[in-house]
>>> print(open('model33.cif').read())   # mmCIF, C-alpha atoms
data_upload
loop_
_atom_site.label_atom_id
_atom_site.label_comp_id
_atom_site.auth_asym_id
_atom_site.auth_seq_id
_atom_site.Cartn_x
_atom_site.Cartn_y
_atom_site.Cartn_z
CA HIS A 1 53.66 -46.28 38.68
CA TYR A 2 56.07 -44.10 40.64
CA LEU A 3 54.63 -45.37 43.94
CA PHE A 4 54.91 -48.90 42.61
CA LEU A 5 58.62 -48.31 41.91
CA VAL A 6 59.28 -46.97 45.39
CA TYR A 7 57.35 -49.75 47.07
CA GLY A 8 59.38 -52.35 45.21
CA MET A 9 62.83 -50.81 45.64
CA VAL A 10 62.70 -49.23 49.10
CA ASN A 11 60.89 -51.92 51.04
CA MET A 12 62.70 -54.94 49.64
CA SER A 13 65.53 -54.61 52.16
CA PRO A 14 66.59 -57.62 54.28
CA LYS A 15 64.58 -56.27 57.19
CA TYR A 16 61.29 -56.02 55.27
CA LYS A 17 61.41 -58.46 52.37
CA ASN A 18 59.90 -61.39 54.32
CA ASN A 19 57.06 -59.28 55.71
CA VAL A 20 56.02 -57.27 52.67
CA PRO A 21 54.13 -58.77 49.71
CA HIS A 22 56.15 -58.78 46.50
CA PRO A 23 55.19 -55.80 44.31
CA THR A 24 54.16 -58.08 41.45
CA HIS A 25 51.66 -59.78 43.79
CA ILE A 26 50.08 -56.69 45.26
CA SER A 27 46.88 -55.07 44.09
CA THR A 28 46.67 -51.41 43.16
CA ARG A 29 44.23 -50.84 46.04
CA THR A 30 46.61 -52.35 48.61
CA LEU A 31 49.49 -50.29 47.26
CA GLN A 32 47.47 -47.10 47.47
CA GLN A 33 46.47 -47.87 51.05
CA SER A 34 50.13 -48.55 51.98
CA VAL A 35 51.38 -45.14 50.88
CA GLY A 36 48.21 -43.04 50.87
CA LYS A 37 48.44 -41.96 54.50
CA VAL A 38 52.02 -40.80 54.06
CA MET A 39 51.23 -38.86 50.90
CA ARG A 40 48.21 -37.14 52.46
CA SER A 41 50.34 -36.01 55.39
CA LEU A 42 53.09 -34.76 53.11
CA ASN A 43 50.65 -32.93 50.87
CA GLN A 44 49.03 -31.26 53.88
CA THR A 45 52.46 -29.98 54.97
CA TRP A 46 53.15 -28.74 51.44
CA ASN A 47 49.82 -26.92 51.26
CA GLU A 48 50.47 -25.21 54.58
CA ASP A 49 53.79 -23.92 53.25
CA GLN A 50 52.26 -22.33 50.15
CA GLY A 51 52.58 -18.60 49.97
CA THR A 52 55.54 -18.52 52.36
CA ILE A 53 58.68 -17.31 50.58
CA THR A 54 60.62 -15.95 53.55
CA LYS A 55 61.86 -19.28 54.87
CA LYS A 56 65.46 -20.31 54.41
CA PRO A 57 66.07 -23.21 52.04
CA VAL A 58 66.51 -26.73 53.37
CA VAL A 59 69.59 -28.18 51.67
CA ALA A 60 69.94 -31.95 52.16
CA ILE A 61 73.21 -33.79 51.55
CA ILE A 62 72.40 -37.49 51.54
CA GLN A 63 74.92 -40.26 52.20
CA ARG A 64 74.55 -44.03 52.22
CA ASP A 65 75.20 -45.66 55.58
CA ASP A 66 75.72 -49.30 54.65
CA GLY A 67 76.49 -51.70 51.82
CA LYS A 68 79.54 -52.36 49.67
CA GLU A 69 78.68 -49.70 47.11
CA MET A 70 78.70 -46.67 49.39
CA ARG A 71 79.58 -43.97 46.81
CA SER A 72 80.23 -41.56 49.69
CA ILE A 73 81.05 -37.87 49.39
CA LEU A 74 84.48 -37.63 51.05
CA ASN A 75 84.94 -33.84 50.95
CA LEU A 76 81.69 -33.25 52.81
CA GLN A 77 82.92 -30.14 54.64
CA GLU A 78 83.95 -28.49 51.37
CA VAL A 79 80.52 -29.24 49.91
CA GLY A 80 78.86 -27.68 52.95
CA ARG A 81 81.05 -24.57 52.70
CA ALA A 82 80.19 -24.21 49.00
CA VAL A 83 76.47 -24.38 49.84
CA ARG A 84 76.77 -21.68 52.50
CA LYS A 85 78.99 -19.48 50.33
CA VAL A 86 76.37 -19.38 47.56
CA PHE A 87 73.15 -19.44 49.58
CA GLY A 88 74.25 -17.74 52.80
CA ILE A 89 72.17 -18.83 55.77
CA VAL A 90 70.52 -22.18 55.05
CA GLU A 91 69.16 -25.14 56.97
CA LEU A 92 71.86 -27.62 55.99
CA LYS A 93 71.07 -31.26 56.77
CA ILE A 94 73.45 -34.18 56.33
CA TRP A 95 71.44 -37.37 56.36
CA TYR A 96 72.70 -40.96 56.37
CA ILE A 97 70.32 -43.52 54.88
CA ALA A 98 70.56 -47.28 55.45
CA GLU A 99 68.66 -50.27 54.12
CA ASP A 100 66.57 -50.42 57.29
CA THR A 101 65.73 -46.70 57.41
CA PRO A 102 61.89 -46.66 57.61
CA ALA A 103 60.21 -45.79 54.32
CA VAL A 104 58.08 -43.12 56.02
CA GLU A 105 61.20 -41.41 57.38
CA GLN A 106 62.80 -41.43 53.92
CA ALA A 107 59.66 -40.03 52.29
CA THR A 108 59.31 -37.26 54.87
CA PHE A 109 62.94 -36.24 54.56
CA PHE A 110 62.88 -36.02 50.76
CA HIS A 111 59.61 -34.09 50.90
CA SER A 112 61.08 -31.49 53.26
CA ALA A 113 64.15 -30.63 51.15
CA ASP A 114 64.35 -27.68 48.77
CA VAL A 115 67.74 -28.76 47.41
CA ILE A 116 69.03 -32.35 47.39
CA ILE A 117 72.69 -33.24 46.86
CA THR A 118 73.64 -36.91 46.62
CA THR A 119 75.55 -39.45 44.60
CA HIS A 120 73.87 -41.85 42.18
CA SER A 121 72.19 -44.49 44.34
CA SER A 122 68.86 -46.20 44.98
CA GLN A 123 67.85 -43.68 47.66
CA LEU A 124 66.93 -41.41 44.75
CA THR A 125 63.78 -43.50 44.20
CA ASN A 126 62.43 -41.36 47.05
CA LEU A 127 62.27 -38.43 44.63
CA VAL A 128 58.67 -39.45 44.01
CA PHE A 129 57.95 -37.98 47.46
CA SER A 130 59.72 -34.68 46.76
CA ARG A 131 57.77 -31.55 45.91
CA PRO A 132 57.56 -30.31 42.31
CA GLY A 133 60.18 -27.63 41.86
CA THR A 134 62.72 -29.28 44.16
CA PHE A 135 66.32 -28.81 42.98
CA VAL A 136 68.26 -32.08 42.71
CA ILE A 137 72.02 -32.43 42.20
CA GLU A 138 73.04 -36.00 41.36
CA ILE A 139 76.77 -36.79 41.41
CA GLN A 140 78.26 -39.56 39.29
CA PRO A 141 81.40 -40.08 37.18
CA GLU A 142 81.58 -39.32 33.49
CA ILE A 143 81.57 -43.02 32.66
CA GLY A 144 78.41 -43.59 34.71
CA GLU A 145 75.85 -42.54 32.10
CA GLU A 146 72.96 -43.54 34.37
CA TYR A 147 69.87 -41.40 33.75
CA SER A 148 67.03 -43.36 35.36
CA PHE A 149 66.70 -41.15 38.45
CA ARG A 150 67.02 -37.99 36.39
CA ASP A 151 64.15 -39.19 34.22
CA ILE A 152 62.01 -39.79 37.33
CA GLY A 153 62.84 -36.37 38.74
CA VAL A 154 62.18 -34.47 35.53
CA ALA A 155 58.90 -36.33 34.96
CA ALA A 156 57.83 -35.39 38.51
CA GLY A 157 58.48 -31.68 37.87
CA MET A 158 61.86 -31.26 39.56
CA ASN A 159 64.85 -29.19 38.49
CA TYR A 160 67.55 -31.78 37.89
CA TYR A 161 71.31 -31.28 37.56
CA LEU A 162 73.76 -34.08 36.80
CA LEU A 163 77.32 -33.45 38.01
CA ASN A 164 79.55 -35.89 36.18
CA LYS A 165 82.77 -34.03 35.37
CA GLY A 166 86.02 -33.31 37.17
CA HIS A 167 85.55 -35.35 40.36
CA GLN A 168 88.40 -37.19 42.07
CA TYR A 169 87.85 -40.72 43.39
CA ASP A 170 88.88 -43.12 46.10
CA LYS A 171 88.75 -46.53 44.39
CA SER A 172 89.90 -48.62 47.35
CA ARG A 173 86.47 -50.27 47.70
CA ASP A 174 86.58 -51.52 44.12
CA GLN A 175 86.55 -55.32 44.30
CA SER A 176 85.92 -55.90 40.61
CA LYS A 177 88.27 -58.28 38.86
CA THR A 178 87.88 -56.79 35.42
CA ASP A 179 87.61 -53.30 33.97
CA HIS A 180 83.88 -53.14 33.19
CA SER A 181 81.30 -50.37 33.06
CA PHE A 182 80.00 -50.95 36.60
CA THR A 183 83.30 -50.65 38.47
CA TRP A 184 82.52 -46.98 39.29
CA ARG A 185 79.70 -48.12 41.56
CA PHE A 186 82.32 -48.92 44.22
CA TRP A 187 84.06 -45.52 44.08
CA ASP A 188 83.83 -42.77 46.68
CA TYR A 189 83.91 -39.11 45.62
CA TYR A 190 85.85 -35.94 46.11
CA VAL A 191 83.24 -33.71 44.50
CA ASN A 192 84.31 -31.08 41.97
CA ILE A 193 83.64 -28.00 44.12
CA THR A 194 84.08 -25.53 41.24
CA LEU A 195 81.40 -27.24 39.17
CA LEU A 196 79.15 -27.70 42.21
CA SER A 197 79.41 -23.98 43.02
CA GLU A 198 78.43 -23.07 39.46
CA VAL A 199 75.34 -25.27 39.67
CA LEU A 200 74.41 -23.87 43.09
CA GLN A 201 74.64 -20.36 41.65
CA THR A 202 72.37 -21.43 38.77
CA ILE A 203 69.88 -22.76 41.32
CA LYS A 204 70.03 -19.52 43.31
CA THR A 205 69.29 -17.51 40.14
CA ALA A 206 66.44 -19.81 39.14
CA ASN A 207 64.93 -19.58 42.61
CA HIS A 208 64.98 -15.79 42.50
CA ARG A 209 62.86 -15.96 39.37
CA HIS A 210 60.31 -18.32 40.95
CA HIS A 211 60.50 -17.03 44.57
CA SER A 212 60.37 -20.50 46.14
CA TRP A 213 62.41 -19.43 49.19
CA SER A 214 64.60 -16.54 50.20
CA VAL A 215 68.42 -16.51 49.94
#
>>> encode(input="model33.cif", output="structure tokens")
Amino acid sequence: HYLFLVYGMVNMSPKYKNNVPHPTHISTRTLQQSVGKVMRSLNQTWNEDQGTITKKPVVAIIQRDDGKEMRSILNLQEVGRAVRKVFGIVELKIWYIAEDTPAVEQATFFHSADVIITTHSSQLTNLVFSRPGTFVIEIQPEIGEEYSFRDIGVAAGMNYYLLNKGHQYDKSRDQSKTDHSFTWRFWDYYVNITLLSEVLQTIKTANHRHHSWSV
């Protein structure tokens, strides 16, 4: 059912929606064939990495690249400095994802990351392609109270952290006419670096116990 979710949410972009059968009209066999090749390739890469604990962690900061509800991280350099201060030498990747980013590219990128930092957004459906044990930091405001992606991540065996306190916001994108619970979806973020650093330190400690990668 996780693959079904991804197929429905990732591929129904304007570029693909007229060429891809609707998920409610697709057989299980067809769905498996659509994603099976990607998953076999990803699993082969994962198996080849087993037993290697000397590699530096891949830390992925993911930003949206289009749409009205960007929810961008505005203090990106500060976030990067916090990552390097805690982990030392890392392979830090900043990746911009758009509606027309190929599904295979999204899956491969999520699968390669040891630590994922991103705001609450639909790109997190790609967590189904991440490896068990991946560390995920999802950023959202206190009023967000959205736990769907966290539930997916935890069910798939990931270490999930929800950062929802002490951020500052740029609300200039907010086009809502009334004060309702979804207005935060238009906000951009100045991430709480103190809280982020504490979580990164927790991740570093947890990794030392499990020896997933060296820092």
>>> resolve_selection(input="model33.cif", expression="the PyMOL selection byres ((chain A and resi 126) around 7)", output="PyMOL selection string")
chain A and resi 6+106-107+110+123-125+127-129
>>> closest_residue(input="model33.cif", among="A:Val86, A:Val191, A:Ala103, A:Leu92", to="Gln168 in chain A", atoms="only C-alpha atoms")
A:Val191
>>> resolve_selection(input="model33.cif", expression="the PyMOL selection byres ((chain A and resi 93-97) around 6)", output="PDB file with C-alpha atoms, in the coordinates of the input")
ATOM      1  CA  ALA A  60      69.940 -31.950  52.160  1.00  0.00           C
ATOM      2  CA  ILE A  61      73.210 -33.790  51.550  1.00  0.00           C
ATOM      3  CA  ILE A  62      72.400 -37.490  51.540  1.00  0.00           C
ATOM      4  CA  GLN A  63      74.920 -40.260  52.200  1.00  0.00           C
ATOM      5  CA  ARG A  64      74.550 -44.030  52.220  1.00  0.00           C
ATOM      6  CA  ASP A  65      75.200 -45.660  55.580  1.00  0.00           C
ATOM      7  CA  LEU A  92      71.860 -27.620  55.990  1.00  0.00           C
ATOM      8  CA  ALA A  98      70.560 -47.280  55.450  1.00  0.00           C
TER       9      ALA A  98
END
>>> atom_distance(input="model33.cif", atom1="CA of Thr118 in chain A", atom2="CA of Arg81 in chain A")
15.6 Å
>>> closest_residue(input="model33.cif", among="A:Val104, A:Ile117, A:Ala82, A:Ile139", to="Asp188 in chain A", atoms="all atoms listed in the file")
A:Ile139
>>> atom_distance(input="model33.cif", atom1="CA of Leu200 in chain A", atom2="CA of Arg150 in chain A")
17.3 Å
>>> atom_distance(input="model33.cif", atom1="CA of Glu78 in chain A", atom2="CA of Glu198 in chain A")
14.2 Å
>>> closest_residue(input="model33.cif", among="A:His167, A:Arg131, A:Lys204, A:Arg84", to="Asp114 in chain A", atoms="all atoms listed in the file")
A:Arg131
>>> resolve_selection(input="model33.cif", expression="the PyMOL selection byres ((chain A and resi 202) around 12)", output="list in words")
Val86, Phe87, Phe135, Ile137, Asn159, Tyr160, Tyr161, Leu195, Leu196, Ser197, Glu198, Val199, Leu200, Gln201, Ile203, Lys204, Thr205, Ala206, Asn207, His208 and Arg209 of chain A
>>> closest_residue(input="model33.cif", among="A:Asp100, A:Arg71, A:Lys85, A:Gln77", to="Glu138 in chain A", atoms="only C-alpha atoms")
A:Arg71
>>> axis_aligned_box(input="model33.cif", around="range 198-207 of chain A", padding_each_side="3 Å", output="AutoDock Vina command-line options")
--center_x 71.7 --center_y -21.4 --center_z 41.0 --size_x 19.5 --size_y 13.8 --size_z 10.5
>>> residues_around(input="model33.cif", residues="range 140-143 of chain A", least_positions_apart="6", cutoff="6 Å", atoms="all atoms listed in the file", output="ChimeraX atom specification")
/A:119-120,164-165
>>> residues_around(input="model33.cif", residues="Asp170 in chain A", least_positions_apart="6", cutoff="8 Å", atoms="all atoms listed in the file", output="ChimeraX atom specification")
/A:187-190
>>> write_last_selection(input="model33.cif", atoms="C-alpha atoms", output="short mmCIF file (atom, residue, chain, number, x, y, z; two decimals), in the coordinates of the input")
data_model
loop_
_atom_site.label_atom_id
_atom_site.label_comp_id
_atom_site.auth_asym_id
_atom_site.auth_seq_id
_atom_site.Cartn_x
_atom_site.Cartn_y
_atom_site.Cartn_z
CA TRP A 187 84.06 -45.52 44.08
CA ASP A 188 83.83 -42.77 46.68
CA TYR A 189 83.91 -39.11 45.62
CA TYR A 190 85.85 -35.94 46.11
#
>>> closest_residue(input="model33.cif", among="A:Tyr169, A:Ser130, A:Leu76, A:Thr194", to="Ala156 in chain A", atoms="only C-alpha atoms")
A:Ser130
>>> build_atoms(input="model33.cif", residues="range 81-99 of chain A", atoms="N, CA, C and O atoms", output="compact mmCIF listing (two decimals), in the frame of the given file")
# COMPACT_ATOMS: atom_id res chain seq x y z
N ARG A 81 80.58 -25.96 52.81
CA ARG A 81 81.05 -24.57 52.70
C ARG A 81 80.61 -23.94 51.38
O ARG A 81 80.24 -22.76 51.34
N ALA A 82 80.63 -24.72 50.30
CA ALA A 82 80.19 -24.21 49.00
C ALA A 82 78.71 -23.83 49.04
O ALA A 82 78.31 -22.81 48.49
N VAL A 83 77.91 -24.66 49.71
CA VAL A 83 76.47 -24.38 49.84
C VAL A 83 76.26 -23.06 50.57
O VAL A 83 75.50 -22.19 50.13
N ARG A 84 76.95 -22.89 51.69
CA ARG A 84 76.77 -21.68 52.50
C ARG A 84 77.34 -20.44 51.80
O ARG A 84 76.82 -19.33 51.97
N LYS A 85 78.40 -20.62 51.04
CA LYS A 85 78.99 -19.48 50.33
C LYS A 85 78.03 -18.93 49.29
O LYS A 85 77.92 -17.71 49.11
N VAL A 86 77.31 -19.81 48.61
CA VAL A 86 76.37 -19.38 47.56
C VAL A 86 75.05 -18.93 48.15
O VAL A 86 74.52 -17.88 47.80
N PHE A 87 74.49 -19.70 49.07
CA PHE A 87 73.15 -19.44 49.58
C PHE A 87 73.12 -18.56 50.83
O PHE A 87 72.08 -18.03 51.19
N GLY A 88 74.26 -18.47 51.53
CA GLY A 88 74.25 -17.74 52.80
C GLY A 88 73.68 -18.61 53.90
O GLY A 88 74.07 -19.77 54.06
N ILE A 89 72.75 -18.08 54.66
CA ILE A 89 72.17 -18.83 55.77
C ILE A 89 71.16 -19.85 55.23
O ILE A 89 70.18 -19.48 54.58
N VAL A 90 71.41 -21.11 55.48
CA VAL A 90 70.52 -22.18 55.05
C VAL A 90 70.33 -23.17 56.19
O VAL A 90 71.08 -23.17 57.18
N GLU A 91 69.32 -24.00 56.06
CA GLU A 91 69.16 -25.14 56.97
C GLU A 91 69.82 -26.33 56.29
O GLU A 91 69.23 -26.97 55.42
N LEU A 92 71.08 -26.58 56.64
CA LEU A 92 71.86 -27.62 55.99
C LEU A 92 71.74 -28.91 56.78
O LEU A 92 72.07 -28.97 57.96
N LYS A 93 71.26 -29.96 56.12
CA LYS A 93 71.07 -31.26 56.77
C LYS A 93 71.93 -32.31 56.07
O LYS A 93 71.89 -32.44 54.85
N ILE A 94 72.70 -33.04 56.86
CA ILE A 94 73.45 -34.18 56.33
C ILE A 94 72.78 -35.44 56.87
O ILE A 94 72.70 -35.65 58.08
N TRP A 95 72.28 -36.25 55.97
CA TRP A 95 71.44 -37.37 56.36
C TRP A 95 72.02 -38.67 55.84
O TRP A 95 72.35 -38.79 54.66
N TYR A 96 72.16 -39.65 56.73
CA TYR A 96 72.70 -40.96 56.37
C TYR A 96 71.54 -41.95 56.27
O TYR A 96 70.76 -42.11 57.21
N ILE A 97 71.44 -42.60 55.13
CA ILE A 97 70.32 -43.52 54.88
C ILE A 97 70.86 -44.95 54.78
O ILE A 97 71.87 -45.21 54.13
N ALA A 98 70.18 -45.87 55.45
CA ALA A 98 70.56 -47.28 55.45
C ALA A 98 69.41 -48.12 54.89
O ALA A 98 68.30 -47.63 54.69
N GLU A 99 69.69 -49.39 54.68
CA GLU A 99 68.66 -50.27 54.12
C GLU A 99 67.45 -50.37 55.04
O GLU A 99 66.32 -50.56 54.59
